[in-house]
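First the structure, in the form of structure tokens, and then the observations on it.
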Amino acid sequence: MTVTPYQSRLREGPYGFADLLHAEWTKFRTVRGWIIAVIVGGLAIAAFALAPGQQGSCNVSSCTAPVGPGGEEVSDSFYFVHQPLSGNGSITVRVASLTGEIPVLTQRAAMRDGLVPWAKAGIIIKASTSPGSAYAAMMVTGSHGVRMQDDFTQDMPGLPGAVSATSPRWLRLTRSGDTITGYDSADGTHWAQVGTATLAGLPQVAQVGLFTTSPGYLQTSLGEASVSGGPSVATGVFDHVGLSWPSGAWAGDNVGGGGGSPGGTAGSSRAADTFTITGTGDIAPVVAGGGGAGVTIAQTLVGTFAGLIVLVVAAAMFMTAEYRRRLILVTLTAAPRRGRVLAAKAVIIGTVTFAAGLVSAAIAVVLGQRVLRGNGAYVYPASLLTQVRVIVGTAAVLAVAAVIAVAIGTILRRGIGAVAVVVMVIVLPYMFTVAAPILPVGPADWLLRLTPAAGFAIQQTLVQYPQVTNTYTAASGYYPLPPWAGLAVLCAWAALALSLAVFLLRRRDA
Amino acid sequence: MEATIEVSGLRKRFGPTLALDGMSFTVLPGQVTGFVGPNGAGKSTTMRVVLGLDAPDAGTALIGGRPYQSLRRPLTGVGALLDAAALQPSRSARNHLLWLAHSQGLTASRVDEVVAQSGLQAVIRRKAGGYSLGMRQRLGIAAALLGDPPVLMLDEPFNGMDPEGIVWMRGFLRSLAAQGRAVLVSSHLMGELQDTADHLVVAGRGRVIADASVAELIATASGGRVSVATTAPGRATEVLSAAGAQVAAAGPGPLIIAGLEAERVVALLSRNAVPFSEVSAHRATLEDAYLELTRDAVEFRPAPSERAAR
């Protein structure tokens, strides 16, 4: 029998990975349930942001903090005994003691002797008495020795140890143009330079003098899960005041105070050449959490976990439906190179969830801030660039989580199991450490370093300052990893899951 | 590409079960090759191995001389229907064909062509989950034809089809083969293939039992036997047995005589005045041939020891 074998009428055209992407996209968009899930997931994120949510009692005057020279919000309140200095000059002082009072937390309005670690007493050269203006200062502290600090965020260590009558500290600041140099000494004879600060645009006439302040007292229990505290006061005793210019009259000001000192004790007294200054407050950047009073823009994205669960379900089903319906036979017949099939699925689900996340996170951050402010809650400002990073990063977290769901779905071949695993490794660690923190800080921080939940670090906008006492916990917006490092941990998990999925998909019979 | 399927020495074990035990055959273009055998004979597993879905422990399976995995646009080389139920129920039948077309770089216009060929135009926008098994088989045929392939491989395509559908399917398969395509169709019911297949590969217990044209198989199964139509089967049996023939009576039908030529049978019956209306060379059905061939290969047949124990 002679037969003419059949010749296909279809022309050979270009063919490649793009065709697989096209096929997987067609698959995804033609199941209405999956499209609905993506929309619902996005709406969930936006809905959490727009819901009534966090209340507060802020208005423009009570919650707007002064802004420091670097643009960050600062607290700038201290008792200041000062006089003007025109041009260059230097001030020297001996701090004879630093004592204070801290609240007795079990008794309302009661105080006991004590000093918070970052209580400060020393000398300062400041552009003006307006809160937030530029400054450089030398100071003794409650338990961090002598420090030189300037413009709120800079901090340099000097002599260690606490100050007392038997072990006083001598401090000196010298202005030369825009440059301020700080020195310290234990005996007033042998001096050491602590550091220099450049205060750009320091006016010709600066305010120079003595100051004392004392930040709020914090007590944590249950591994920092529970925080209590209250305002504290400190009193510094100064003598041997030496000025390089003829002394004028001293003025006393409770800078940034508004009478907020416990018992109204802030103030100064002078006996002969000894100054005693009592102050409360802090000269430092504003921090969130136990020691702070507001919320971050991450608060507008609390719905991320809910949206993530919905998107993860859609992503897992995108893969496991193939197994449930044995459609995988058709898929792998159409595309025998199995790694490429999984890659195409990952690209499609990643792109779809990223797009949904981008839109919903942008809505949440932009409109959610208005809602919070409208409610009177104080929202820490974040730069435009930071907000863009949070929005794009949140979309990336959702996309990578969806890719992990596809990979786990391939490994387990069961939808419910895949969703359970992804929720367990991403959502639960986040819930227990950030949203509803029930874990002690130690284990919580390790979970946020090691589990895929580390990716949520991309939502943090706050910076940790060692010179500010605070509960730097994930729950108050401080993750153990920097934003991009956290996202990298999540991506590493996705790479691991995808590798295992490709290995199994290739090895197993379909 | 050459339109052939070559299966050679396939072996495949699933746990304790030896699914393929040296399966070898070749499917040639221009004819419908029936792939028959009882359940568990290894037909589906062979097809899965050909499509690269299962990896064999040993042996090769080639399409036009090449392994399936090396085909660039595989559906333009082979069209396959393995499992008509392999569908996402919430996706419309047309969209099922559409993603499959996109996966091969084909367009929606090609989808419309195969929809017309399979006669599904009226229902193609319905959700595939609402399709009857017969409609799913047609959809599976449409999917197999998407790439206009020279080789078609269909696993049990007659399952669940109504009589009208079966007639359509037979004609359709024959027309595809007439175009020069190689068409491999599996079935566990020989009757379905009786008027469709030109060539048969009979499988049992993971290997090929017979690989021959339909005409050859029927001739072998007929085996020179003679069929006798008589109104006195008892008397005829008596006479013919006495002459050394083996006589089989299958119900009210004709007697089947082995061991005597037709002329001898006529002479003996005439001499003994046994009435008969017809003596003819017995022509076996394909079903008979199949049952005879697969008698030893049926998996669920009780072993002799089990029978003795009853």
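In the structure tokens, chains take letters A, B, ... by order of appearance, with residues numbered from 1 within each chain and ligands from 1 in the order shown.
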Taking only residues of chain B that have an atom at most 6 Å from an atom of chain A, what is each one's shortest atom pair and its distance in Å to one decimal, using only C-alpha atoms, in chain and number order, as a Markdown table?
| residue | atom | partner | partner_atom | distance |
| --- | --- | --- | --- | --- |
| B:Ala3 | CA | A:Pro5 | CA | 5.9 |
| B:Pro29 | CA | A:Pro5 | CA | 5.8 |
| B:Gly30 | CA | A:Val3 | CA | 5.8 |
| B:Leu53 | CA | A:Ala510 | CA | 5.2 |
| B:Asp54 | CA | A:Asp509 | CA | 4.6 |
| B:Gln69 | CA | A:Pro336 | CA | 5.4 |
| B:Ala86 | CA | A:Leu327 | CA | 4.6 |
| B:Leu87 | CA | A:Leu327 | CA | 5.6 |
| B:Arg91 | CA | A:Val31 | CA | 5.4 |
| B:Trp99 | CA | A:Ala23 | CA | 4.5 |
| B:His102 | CA | A:Ala23 | CA | 4.9 |
| B:Ser103 | CA | A:Ala23 | CA | 4.7 |
| B:Gly105 | CA | A:Asp19 | CA | 5.5 |
| B:Asp148 | CA | A:Ser8 | CA | 5.5 |
| B:Pro149 | CA | A:Ser8 | CA | 6.0 |
| B:Pro150 | CA | A:Tyr6 | CA | 5.1 |
| B:Gly180 | CA | A:Tyr6 | CA | 4.5 |
| B:Arg181 | CA | A:Tyr6 | CA | 5.1 |
If we count only C-alpha atoms and set the cut-off at 6 Å, which residues sit around Gly350 of chain A, ignoring sequence neighbours fewer than 4 positions away in its own chain? Please answer as a ChimeraX atom specification. /A:346,354,399,403
Keeping N, CA and C atoms, export the residues of the selection given above as a PDB file, in the first residue's frame.
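Wrote again-v3.pdb, looks like this:
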ATOM      1  N   ALA A 346       4.178  31.106  36.738  1.00  0.00           N
ATOM      2  CA  ALA A 346       4.682  32.012  37.777  1.00  0.00           C
ATOM      3  C   ALA A 346       4.688  33.447  37.263  1.00  0.00           C
ATOM      4  N   PHE A 354       0.763  41.370  41.086  1.00  0.00           N
ATOM      5  CA  PHE A 354       1.507  42.620  41.270  1.00  0.00           C
ATOM      6  C   PHE A 354       0.648  43.804  40.844  1.00  0.00           C
ATOM      7  N   ALA A 399       2.918  39.548  44.951  1.00  0.00           N
ATOM      8  CA  ALA A 399       3.285  38.799  43.750  1.00  0.00           C
ATOM      9  C   ALA A 399       4.175  37.611  44.104  1.00  0.00           C
ATOM     10  N   VAL A 403       3.524  33.567  43.714  1.00  0.00           N
ATOM     11  CA  VAL A 403       4.441  32.640  43.038  1.00  0.00           C
ATOM     12  C   VAL A 403       4.754  31.460  43.963  1.00  0.00           C
TER      13      VAL A 403
END
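Atom pair atom CA of Glu216 of chain B / atom CA of Gly191 of chain B: separated by 16.6 Å.
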Could you check the closest approach to Glu101 of chain A for each of A:Val310, A:Thr213, A:Arg169, A:Ala65 and tell me which residue wins, using only C-alpha atoms? A:Thr213
Excluding Val313 of chain A and its own-chain neighbours fewer than 2 positions away, which residues fall within 9 Å of it when counting only C-alpha atoms? Please give them as a list of chain:residue names. A:Trp34, A:Ala37, A:Leu308, A:Ile309, A:Val310, A:Leu311, A:Ala315, A:Ala316, A:Met317, A:Phe318, A:Ala402, A:Ala405, A:Gly415, A:Ile416, A:Ala418, A:Val419
